[in-house]
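This report refers to the structure that appears directly beneath it.
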Amino acid sequence: MVMQGKACRNCRKVIEEGSKCPNCKGESFTTFWRGFVVLLKPEHSEIAKKMAIELPGKYALRLSR
Ligand SMILES: [Zn+2]
């Protein structure tokens, strides 16, 4: 399976286009990531709190680089 998109190095949000992270406004991404979670209601999620996520969406679980 080919992973699509790139993950923000700072908050791990996965985006498919653009150069700025909509969650943390970071501009550093990696295409080397594995696994993901989709957070629909980050305000109710423990994972989201740990990862400092505020926006719903797709987040990588691990960044390999
Ligand atoms: Zn980010």
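Starting from 1 in every chain, residues are counted up; chains themselves are A, B, ... following the order of the structure tokens, and ligands are numbered from 1 as listed.
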
(Q) Can you pull out the residues contacting Val14 of chain A? Cut-off 9 Å, using only C-alpha atoms, and skip same-chain residues under 6 positions away; I want them as a list of chain:residue names. (A) A:Gln4, A:Gly5, A:Lys6, A:Ala7, A:Cys8, A:Cys21, A:Phe29, A:Phe36, A:Gly57, A:Lys58, A:Tyr59, A:Ala60

**Q.** Test item: residues lying within 10 Å of ligand 1 with only C-alpha atoms and all ligand atoms, as a ChimeraX atom specification
**A.** /A:7-15,20-29,52-55,59

Dump of C-alpha atoms for the selected residues, as a PDB file, in the first residue's frame:
```pdb
ATOM      1  CA  ALA A   7       2.875  14.420   7.419  1.00  0.00           C
ATOM      2  CA  CYS A   8       3.687  17.532   9.393  1.00  0.00           C
ATOM      3  CA  ARG A   9       6.870  16.964  11.386  1.00  0.00           C
ATOM      4  CA  ASN A  10       5.540  19.007  14.224  1.00  0.00           C
ATOM      5  CA  CYS A  11       1.985  17.768  14.842  1.00  0.00           C
ATOM      6  CA  ARG A  12       1.836  14.844  12.343  1.00  0.00           C
ATOM      7  CA  LYS A  13      -1.170  16.087  10.445  1.00  0.00           C
ATOM      8  CA  VAL A  14      -1.345  14.441   7.031  1.00  0.00           C
ATOM      9  CA  ILE A  15      -2.092  16.721   4.122  1.00  0.00           C
ATOM     10  CA  LYS A  20       1.555  24.825   5.289  1.00  0.00           C
ATOM     11  CA  CYS A  21       0.067  22.741   8.066  1.00  0.00           C
ATOM     12  CA  PRO A  22      -3.521  23.808   8.815  1.00  0.00           C
ATOM     13  CA  ASN A  23      -3.196  22.577  12.397  1.00  0.00           C
ATOM     14  CA  CYS A  24       0.034  24.093  13.661  1.00  0.00           C
ATOM     15  CA  LYS A  25       1.045  26.308  10.700  1.00  0.00           C
ATOM     16  CA  GLY A  26       4.278  24.393  10.388  1.00  0.00           C
ATOM     17  CA  GLU A  27       6.034  24.167   7.054  1.00  0.00           C
ATOM     18  CA  SER A  28       8.163  21.080   7.567  1.00  0.00           C
ATOM     19  CA  PHE A  29       6.795  17.800   6.227  1.00  0.00           C
ATOM     20  CA  ALA A  52      -1.600  18.677  20.649  1.00  0.00           C
ATOM     21  CA  ILE A  53      -4.138  18.376  17.865  1.00  0.00           C
ATOM     22  CA  GLU A  54      -6.908  20.875  17.457  1.00  0.00           C
ATOM     23  CA  LEU A  55      -8.215  20.266  13.967  1.00  0.00           C
ATOM     24  CA  TYR A  59      -2.762  12.191  11.607  1.00  0.00           C
TER      25      TYR A  59
END
```

Q: Could you check how far atom CA of Arg62 of chain A sits from atom CA of His44 of chain A, in Å to one decimal?
A: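 For atom CA of Arg62 of chain A relative to atom CA of His44 of chain A, the distance reads 21.4 Å.
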
Q: as a PyMOL selection string, list the residues of chain A assigned to strand (DSSP E or B) by DSSP on the backbone atoms of this structure.
A: chain A and resi 6-8+13-15+29-30+33-39+57-63
